[in-house]
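Below is one structure, written out as structure tokens; the observations come after it.
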Amino acid sequence: MENLIYFTTAWLDPYLMLLTAIGTFAGIYVGAIPGLSVTMTVSILISFTFKWDVNDALALIAGIYVGGVYGGGRTAILLNIPGAPSAIATAFDGYPLAKKGLAGEAIGLTTVMSFIGGMVGVLTLAIAAPIVSDFAIKFTSREYMLLGIIGVLLIGTLSGESFAKGAMAGALGVMIGMIGLDPMTAKARFTYGSINLMGGVPYIVAMIGFFGVTEALVQLDNLKLPYVKQKISKIIPNWSDVKKYLKLALKSAGLGTFIGALPGTGGDIAALIAYDQAKRTTKNPEVPFGSGAKEGIIAPETANNSAIGGAFIPMLTLGIPGDAVTAIIIGALYIHGLKPGPLLLIETPHLFWFIVGNLTLANIFLLIFGLTGVRIFTKIVECPKGILIPLIIVLSSIGAYAIQNNPIHIAWALGFGVFGYILRKYGFAVGPIILGVILGPMIDSNYRRAMMGADQNVGQFFVDLLTNPISFVLVIFLLMMIGSQITFVKNKFLKLFK
Amino acid sequence: MFIASIFIFLETLKKDPKNKFNLLKVTQYLLPKQLIFFVSLVLIYVLAIPYFGFTLSSGTFLIISILNLWDKGFVWSLGVSVFSIVVIYFLFRVVFQVILPSGSFWS
């Protein structure tokens, strides 16, 4: 009963409702405008909203998150330019549909399906998080250390072009996260005597640099993309269509939620896998995939929105972000003095149910805004990049500065941005770096605590690692994950399956 | 990190055995002119903020970069920049209550 009251907090307070609405509306445009991404916007916004009440900040951010993941699909359909990475798969079939003059219908269908996907994700979050949390209370610092390592490596295996590059990016992130005073002995690490480095690198600064500035610099490479205008027909989709594809949508949503819940993997990977899954399992599509199959837009769009709910599960129960945006939201929670982890649900149940209620509300707004205002939309999206890029840089610098009112952070954020650009050019993903920066200190402090538990005896530590059942399972999982990436094993196994 | 770097090095070697090292080409690929210009602009911008304050530095940065990236002429670039700076100033100073660096040059 109490939980229901917490759940409806955002529904009953007009101010919170307004913030969610603004967030969702803005999110749709942020997601849709190529060159602006949700991660970028949220990382910049966090630094301004930390003086706000935590509920207000979360309402706005949840709205932007939900709207932004959906918004990318619109530009993918209308312009063949995915507005966000999570919409890459949508463009495969969305644009061919638009060329047939079915842009309006496609947008309507994706809106309804995104809503369904989003709701499945939120529902799963509401059901699964308390269960995971109950289980996670049994975890000791040893398990947290292992979970942290798995999180950093998992995003490396799934997102980059090679495991080695992903692992290296993750390790680099961990190193950046180590800068500053040692949490146990207060010995300075990697500071080179600089006072500014003593406090460590605030990871929001690293995020603004690696996501905001890097993205802006990458956009410099494709400054002028031709826009193709589409005619928009009716938007409200046929009820029969929705009913017909409901099964596929629910399946994709389940898949999306699961992938979202894996640490480090979010909507972009969920969408691609769901598209692939739909392509393999749909026996007789009306139109072949790639030339305007409706299944081809439904699967990724449902999956990427359902991944939102999924991504919150490890974030709220274990303190390990499910994707880049939840990584930033963790930052916001820390700033507000909350500690995401298994105790969050017990100590602050209102916060958990507020987030669930808020995401539900954002999904409803998504349905409303998604089915209206498509015509004006096409005009706004054509915002020239020449204006956008410099503005992103200026906003990033204010964002970096505002966290601690320290001008040196502007230089760091922009420096990380240039560095991230070079990494991106060589096929390193920046996602693992950010995860490393966040999880690095967590791995570090939990390792130290585990070592204290083992009386500083390395042998005892390893014995504990293999004799405790939970640790043992995690160690096996970790070894399998690394093992499956070795070329020799890969080839052997592929032969076995053939 | 070091172990991973060895693997990447080996992967790169395997991928492209015929690739001869060409410094000029590599530099051009790594650093297109546009980027060099833009990055140095960003650098000057960073250095300028503590001296000239946030508003003036950002305004100048916006005018120069928009003029360069968006070919609509000086008047349009100036208009867009001034408008953006005014909006940003009010948004952050009033709504978000961020005290922007004012610059040591003026005080």
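Identifiers in this document derive from the order of the structure tokens: chains are assigned A, B, ..., residues are numbered from 1 separately in each chain, and ligands are numbered from 1 in order of occurrence.
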
May I have the residues of chain B within 7 Å of chain A, counting only C-alpha atoms, written as a list in words?
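Result: Met1, Ala4, Ser5, Phe7, Ile8, Val46, Ser58, Leu62, Ser65, Ile66, Leu69, Trp70, Phe96 and Val98 of chain B.
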
All residues 6 Å or closer to stretch 120-128 of chain A, only C-alpha atoms, same chain fewer than 6 positions away omitted, as a ChimeraX atom specification
/A:257,306,309-310,313

Straight-line distance linking atom CA of A:Val132 with atom CA of A:Met178, stated in Å to one decimal
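Computing the Euclidean distance for atom CA of A:Val132 and atom CA of A:Met178 yields 28.8 Å.
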
12 Å contact set for B:Gly79, only C-alpha atoms, chain neighbours under 2 positions out, as a list in words
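The contact residues come out as Ile387 of chain A; Gly59, Leu62, Ile63, Ile66, Leu67, Lys72, Gly73, Phe74, Val75, Trp76, Ser77, Ser81, Val82, Phe83, Ser84, Ile85 and Val86 of chain B.
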
For stretch 190-201 of chain A, find every residue with an atom within 6 Å (counting only C-alpha atoms), except residues of its own chain fewer than 2 positions away, and show them as a list of chain:residue names.
A:Ile179, A:Gly180, A:Leu181, A:Tyr203

Nearest to A:Gly357, chosen from A:Ile208, A:Arg424, A:Thr24, A:Met119, with only C-alpha atoms counted in the distances:
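Nearest to A:Gly357: A:Met119.
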
DSSP helix (DSSP H, G or I) residues within stretch 246-433 of chain A, listed as a ChimeraX atom specification
/A:246-261,267-281,294-318,324-335,344-347,349-370,374-381,385-404,408-425,431-433

For stretch 364-371 of chain A: contacts at 10 Å, only C-alpha atoms, fewer than 2 positions along chain excluded, given as a PDB file with N, CA and C atoms, in the first residue's frame:
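Wrote out28.pdb, looks like this:
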ATOM      1  N   MET A  17       4.915  16.186 -12.561  1.00  0.00           N
ATOM      2  CA  MET A  17       4.301  15.734 -13.800  1.00  0.00           C
ATOM      3  C   MET A  17       4.779  16.614 -14.956  1.00  0.00           C
ATOM      4  N   THR A  20       8.320  15.753 -15.869  1.00  0.00           N
ATOM      5  CA  THR A  20       8.383  14.525 -16.645  1.00  0.00           C
ATOM      6  C   THR A  20       7.942  14.795 -18.080  1.00  0.00           C
ATOM      7  N   ALA A  21       6.870  15.572 -18.215  1.00  0.00           N
ATOM      8  CA  ALA A  21       6.368  15.877 -19.555  1.00  0.00           C
ATOM      9  C   ALA A  21       7.413  16.643 -20.356  1.00  0.00           C
ATOM     10  N   ILE A  22       8.005  17.658 -19.727  1.00  0.00           N
ATOM     11  CA  ILE A  22       9.036  18.440 -20.416  1.00  0.00           C
ATOM     12  C   ILE A  22      10.190  17.525 -20.812  1.00  0.00           C
ATOM     13  N   GLY A  23      10.576  16.675 -19.863  1.00  0.00           N
ATOM     14  CA  GLY A  23      11.679  15.758 -20.119  1.00  0.00           C
ATOM     15  C   GLY A  23      11.390  14.861 -21.306  1.00  0.00           C
ATOM     16  N   THR A  24      10.210  14.251 -21.314  1.00  0.00           N
ATOM     17  CA  THR A  24       9.876  13.337 -22.401  1.00  0.00           C
ATOM     18  C   THR A  24       9.852  14.066 -23.741  1.00  0.00           C
ATOM     19  N   PHE A  25       9.225  15.246 -23.729  1.00  0.00           N
ATOM     20  CA  PHE A  25       9.111  16.013 -24.970  1.00  0.00           C
ATOM     21  C   PHE A  25      10.499  16.402 -25.476  1.00  0.00           C
ATOM     22  N   GLY A  27      13.236  15.018 -24.675  1.00  0.00           N
ATOM     23  CA  GLY A  27      13.965  13.793 -24.995  1.00  0.00           C
ATOM     24  C   GLY A  27      13.715  13.328 -26.406  1.00  0.00           C
ATOM     25  N   ILE A  28      12.472  13.418 -26.859  1.00  0.00           N
ATOM     26  CA  ILE A  28      12.160  12.970 -28.218  1.00  0.00           C
ATOM     27  C   ILE A  28      13.003  13.757 -29.220  1.00  0.00           C
ATOM     28  N   GLY A  63      12.299  11.272 -17.955  1.00  0.00           N
ATOM     29  CA  GLY A  63      11.587  11.702 -19.160  1.00  0.00           C
ATOM     30  C   GLY A  63      12.509  11.749 -20.355  1.00  0.00           C
ATOM     31  N   VAL A  66      13.516   8.145 -21.522  1.00  0.00           N
ATOM     32  CA  VAL A  66      12.467   7.429 -22.247  1.00  0.00           C
ATOM     33  C   VAL A  66      12.213   8.075 -23.614  1.00  0.00           C
ATOM     34  N   GLY A  67      12.084   9.409 -23.608  1.00  0.00           N
ATOM     35  CA  GLY A  67      11.818  10.100 -24.867  1.00  0.00           C
ATOM     36  C   GLY A  67      12.966   9.954 -25.842  1.00  0.00           C
ATOM     37  N   GLY A  68      14.183  10.046 -25.336  1.00  0.00           N
ATOM     38  CA  GLY A  68      15.355  10.045 -26.198  1.00  0.00           C
ATOM     39  C   GLY A  68      15.568   8.722 -26.903  1.00  0.00           C
ATOM     40  N   TYR A  70      13.325   6.675 -27.726  1.00  0.00           N
ATOM     41  CA  TYR A  70      12.310   6.567 -28.756  1.00  0.00           C
ATOM     42  C   TYR A  70      12.589   7.515 -29.925  1.00  0.00           C
ATOM     43  N   GLY A  71      13.024   8.732 -29.593  1.00  0.00           N
ATOM     44  CA  GLY A  71      13.170   9.773 -30.607  1.00  0.00           C
ATOM     45  C   GLY A  71      14.115   9.401 -31.736  1.00  0.00           C
ATOM     46  N   ARG A  74      12.613   8.001 -34.918  1.00  0.00           N
ATOM     47  CA  ARG A  74      11.886   8.868 -35.850  1.00  0.00           C
ATOM     48  C   ARG A  74      12.769   9.341 -36.990  1.00  0.00           C
ATOM     49  N   GLY A 104       4.334   8.033 -41.910  1.00  0.00           N
ATOM     50  CA  GLY A 104       3.429   8.314 -40.798  1.00  0.00           C
ATOM     51  C   GLY A 104       3.017   7.043 -40.090  1.00  0.00           C
ATOM     52  N   ILE A 107       5.840   5.579 -38.076  1.00  0.00           N
ATOM     53  CA  ILE A 107       6.081   6.300 -36.824  1.00  0.00           C
ATOM     54  C   ILE A 107       5.010   5.957 -35.798  1.00  0.00           C
ATOM     55  N   GLY A 108       3.754   5.912 -36.266  1.00  0.00           N
ATOM     56  CA  GLY A 108       2.668   5.565 -35.352  1.00  0.00           C
ATOM     57  C   GLY A 108       2.867   4.196 -34.747  1.00  0.00           C
ATOM     58  N   LEU A 109       3.231   3.258 -35.605  1.00  0.00           N
ATOM     59  CA  LEU A 109       3.418   1.883 -35.137  1.00  0.00           C
ATOM     60  C   LEU A 109       4.581   1.805 -34.138  1.00  0.00           C
ATOM     61  N   THR A 110       5.700   2.481 -34.465  1.00  0.00           N
ATOM     62  CA  THR A 110       6.837   2.425 -33.535  1.00  0.00           C
ATOM     63  C   THR A 110       6.482   3.074 -32.203  1.00  0.00           C
ATOM     64  N   THR A 111       5.652   4.131 -32.258  1.00  0.00           N
ATOM     65  CA  THR A 111       5.278   4.792 -30.998  1.00  0.00           C
ATOM     66  C   THR A 111       4.532   3.831 -30.095  1.00  0.00           C
ATOM     67  N   VAL A 112       3.513   3.187 -30.668  1.00  0.00           N
ATOM     68  CA  VAL A 112       2.720   2.266 -29.851  1.00  0.00           C
ATOM     69  C   VAL A 112       3.598   1.126 -29.341  1.00  0.00           C
ATOM     70  N   MET A 113       4.471   0.626 -30.215  1.00  0.00           N
ATOM     71  CA  MET A 113       5.317  -0.500 -29.823  1.00  0.00           C
ATOM     72  C   MET A 113       6.361  -0.081 -28.792  1.00  0.00           C
ATOM     73  N   SER A 114       6.895   1.148 -28.941  1.00  0.00           N
ATOM     74  CA  SER A 114       7.845   1.645 -27.948  1.00  0.00           C
ATOM     75  C   SER A 114       7.167   1.726 -26.593  1.00  0.00           C
ATOM     76  N   PHE A 115       5.901   2.175 -26.613  1.00  0.00           N
ATOM     77  CA  PHE A 115       5.139   2.276 -25.372  1.00  0.00           C
ATOM     78  C   PHE A 115       4.987   0.891 -24.733  1.00  0.00           C
ATOM     79  N   ILE A 116       4.594  -0.082 -25.570  1.00  0.00           N
ATOM     80  CA  ILE A 116       4.430  -1.441 -25.046  1.00  0.00           C
ATOM     81  C   ILE A 116       5.758  -1.946 -24.479  1.00  0.00           C
ATOM     82  N   GLY A 118       8.331  -0.220 -23.446  1.00  0.00           N
ATOM     83  CA  GLY A 118       8.675   0.522 -22.243  1.00  0.00           C
ATOM     84  C   GLY A 118       7.942  -0.012 -21.032  1.00  0.00           C
ATOM     85  N   MET A 119       6.654  -0.303 -21.229  1.00  0.00           N
ATOM     86  CA  MET A 119       5.851  -0.793 -20.106  1.00  0.00           C
ATOM     87  C   MET A 119       6.317  -2.181 -19.648  1.00  0.00           C
ATOM     88  N   LYS A 234      -1.141   9.487 -42.426  1.00  0.00           N
ATOM     89  CA  LYS A 234      -1.796   9.350 -41.125  1.00  0.00           C
ATOM     90  C   LYS A 234      -0.846   8.701 -40.108  1.00  0.00           C
ATOM     91  N   ILE A 235      -1.046   9.048 -38.863  1.00  0.00           N
ATOM     92  CA  ILE A 235      -0.085   8.605 -37.857  1.00  0.00           C
ATOM     93  C   ILE A 235      -0.647   7.524 -36.945  1.00  0.00           C
ATOM     94  N   ILE A 236      -1.919   7.663 -36.580  1.00  0.00           N
ATOM     95  CA  ILE A 236      -2.507   6.656 -35.695  1.00  0.00           C
ATOM     96  C   ILE A 236      -2.499   5.306 -36.419  1.00  0.00           C
ATOM     97  N   PRO A 237      -1.834   4.289 -35.835  1.00  0.00           N
ATOM     98  CA  PRO A 237      -1.733   3.003 -36.537  1.00  0.00           C
ATOM     99  C   PRO A 237      -3.044   2.203 -36.487  1.00  0.00           C
ATOM    100  N   ASN A 358       7.554   6.963 -12.130  1.00  0.00           N
ATOM    101  CA  ASN A 358       7.959   8.007 -13.044  1.00  0.00           C
ATOM    102  C   ASN A 358       8.217   7.495 -14.449  1.00  0.00           C
ATOM    103  N   LEU A 359       8.830   6.327 -14.532  1.00  0.00           N
ATOM    104  CA  LEU A 359       9.086   5.735 -15.851  1.00  0.00           C
ATOM    105  C   LEU A 359       7.758   5.383 -16.524  1.00  0.00           C
ATOM    106  N   THR A 360       6.793   4.889 -15.734  1.00  0.00           N
ATOM    107  CA  THR A 360       5.484   4.588 -16.293  1.00  0.00           C
ATOM    108  C   THR A 360       4.855   5.859 -16.856  1.00  0.00           C
ATOM    109  N   LEU A 361       4.920   6.916 -16.057  1.00  0.00           N
ATOM    110  CA  LEU A 361       4.354   8.193 -16.483  1.00  0.00           C
ATOM    111  C   LEU A 361       5.029   8.674 -17.768  1.00  0.00           C
ATOM    112  N   ALA A 362       6.352   8.571 -17.810  1.00  0.00           N
ATOM    113  CA  ALA A 362       7.097   9.019 -18.991  1.00  0.00           C
ATOM    114  C   ALA A 362       6.668   8.230 -20.216  1.00  0.00           C
ATOM    115  N   GLY A 373       2.215  16.031 -33.319  1.00  0.00           N
ATOM    116  CA  GLY A 373       3.302  16.959 -33.617  1.00  0.00           C
ATOM    117  C   GLY A 373       4.423  16.415 -34.482  1.00  0.00           C
ATOM    118  N   VAL A 374       4.120  15.434 -35.337  1.00  0.00           N
ATOM    119  CA  VAL A 374       5.180  14.900 -36.185  1.00  0.00           C
ATOM    120  C   VAL A 374       5.555  15.889 -37.285  1.00  0.00           C
TER     121      VAL A 374
END

So which residues touch A:Gly209 within 6 Å, counting only C-alpha atoms, skipping near sequence neighbours fewer than 3 positions away, as an NGL selection string?
:A and (206 or 212-213 or 413-414 or 416-417)

Pairwise distance for atom CA of A:Leu466 and atom CA of A:Leu153, rounded to one decimal in Å
20.1 Å

Which distance in Å separates atom CA of A:Val430 and atom CA of A:Pro202, to one decimal?
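So the two atoms, atom CA of A:Val430 and atom CA of A:Pro202, lie 16.4 Å apart.
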
Just checking: using only C-alpha atoms, which residue out of B:Pro50, B:Ser57, B:Leu91, B:Val80 ends up closest to B:Gly103?
B:Pro50

Leaving out stretch 271-286 of chain A and any residue of its chain fewer than 6 positions from it, which residues lie within 12 Å of it when counting only C-alpha atoms, given as a PDB file with C-alpha atoms, in the first residue's frame?
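Once written, selection.pdb looks like this:
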ATOM      1  CA  VAL A  69      15.529   6.321 -26.809  1.00  0.00           C
ATOM      2  CA  TYR A  70      12.310   6.567 -28.756  1.00  0.00           C
ATOM      3  CA  GLY A  72      16.120   8.270 -32.443  1.00  0.00           C
ATOM      4  CA  GLY A  73      13.779   5.969 -34.328  1.00  0.00           C
ATOM      5  CA  ALA A  84      20.755   7.815 -31.582  1.00  0.00           C
ATOM      6  CA  PRO A  85      22.789   4.583 -31.585  1.00  0.00           C
ATOM      7  CA  SER A  86      19.755   2.656 -30.331  1.00  0.00           C
ATOM      8  CA  ALA A  87      17.929   3.454 -33.565  1.00  0.00           C
ATOM      9  CA  ILE A  88      20.508   2.061 -35.990  1.00  0.00           C
ATOM     10  CA  ALA A  89      18.489  -1.115 -36.512  1.00  0.00           C
ATOM     11  CA  THR A  90      15.282   0.864 -37.036  1.00  0.00           C
ATOM     12  CA  ALA A  91      16.698   2.540 -40.113  1.00  0.00           C
ATOM     13  CA  PHE A  92      17.182  -0.802 -41.928  1.00  0.00           C
ATOM     14  CA  ASP A  93      13.463  -1.167 -42.530  1.00  0.00           C
ATOM     15  CA  GLY A  94      12.096   2.171 -41.390  1.00  0.00           C
ATOM     16  CA  SER A 114       7.845   1.645 -27.948  1.00  0.00           C
ATOM     17  CA  GLY A 117       8.148  -2.204 -24.815  1.00  0.00           C
ATOM     18  CA  LEU A 158      29.633  -6.743 -26.506  1.00  0.00           C
ATOM     19  CA  SER A 159      30.229  -3.229 -27.731  1.00  0.00           C
ATOM     20  CA  TYR A 245       2.482  -7.835 -34.217  1.00  0.00           C
ATOM     21  CA  LYS A 247       3.422 -11.333 -30.075  1.00  0.00           C
ATOM     22  CA  LEU A 248       6.630 -10.224 -31.791  1.00  0.00           C
ATOM     23  CA  ALA A 249       6.606  -7.022 -29.749  1.00  0.00           C
ATOM     24  CA  LEU A 250       6.310  -8.882 -26.462  1.00  0.00           C
ATOM     25  CA  LYS A 251       9.067 -11.262 -27.446  1.00  0.00           C
ATOM     26  CA  SER A 252      11.382  -8.417 -28.444  1.00  0.00           C
ATOM     27  CA  ALA A 253      10.488  -6.580 -25.258  1.00  0.00           C
ATOM     28  CA  GLY A 254      11.459  -9.578 -23.147  1.00  0.00           C
ATOM     29  CA  LEU A 255      14.741  -9.876 -25.009  1.00  0.00           C
ATOM     30  CA  GLY A 256      15.349  -6.138 -24.712  1.00  0.00           C
ATOM     31  CA  THR A 257      14.720  -6.110 -20.980  1.00  0.00           C
ATOM     32  CA  PHE A 258      17.145  -8.970 -20.459  1.00  0.00           C
ATOM     33  CA  ILE A 259      19.903  -7.352 -22.519  1.00  0.00           C
ATOM     34  CA  GLY A 260      19.260  -4.031 -20.833  1.00  0.00           C
ATOM     35  CA  THR A 265      24.733  -3.146 -22.351  1.00  0.00           C
ATOM     36  CA  GLY A 292      10.330  -2.164 -45.449  1.00  0.00           C
ATOM     37  CA  ALA A 293       9.177  -5.047 -43.285  1.00  0.00           C
ATOM     38  CA  LYS A 294       7.072  -3.805 -40.394  1.00  0.00           C
ATOM     39  CA  GLU A 295       8.573  -6.534 -38.208  1.00  0.00           C
ATOM     40  CA  GLY A 296      11.945  -4.872 -38.836  1.00  0.00           C
ATOM     41  CA  ILE A 297      10.941  -1.635 -37.136  1.00  0.00           C
ATOM     42  CA  ILE A 298       8.826  -3.178 -34.409  1.00  0.00           C
ATOM     43  CA  ALA A 299      11.494  -5.498 -33.014  1.00  0.00           C
ATOM     44  CA  PRO A 300      14.267  -2.919 -32.449  1.00  0.00           C
ATOM     45  CA  GLU A 301      11.944  -0.149 -31.299  1.00  0.00           C
ATOM     46  CA  THR A 302      10.254  -2.360 -28.723  1.00  0.00           C
ATOM     47  CA  ALA A 303      13.557  -3.785 -27.562  1.00  0.00           C
ATOM     48  CA  ASN A 304      15.347  -0.475 -27.089  1.00  0.00           C
ATOM     49  CA  ASN A 305      12.567   0.995 -24.977  1.00  0.00           C
ATOM     50  CA  SER A 306      12.181  -2.125 -22.889  1.00  0.00           C
ATOM     51  CA  ALA A 307      15.936  -2.050 -22.226  1.00  0.00           C
ATOM     52  CA  ILE A 308      15.389   1.103 -20.150  1.00  0.00           C
TER      53      ILE A 308
END
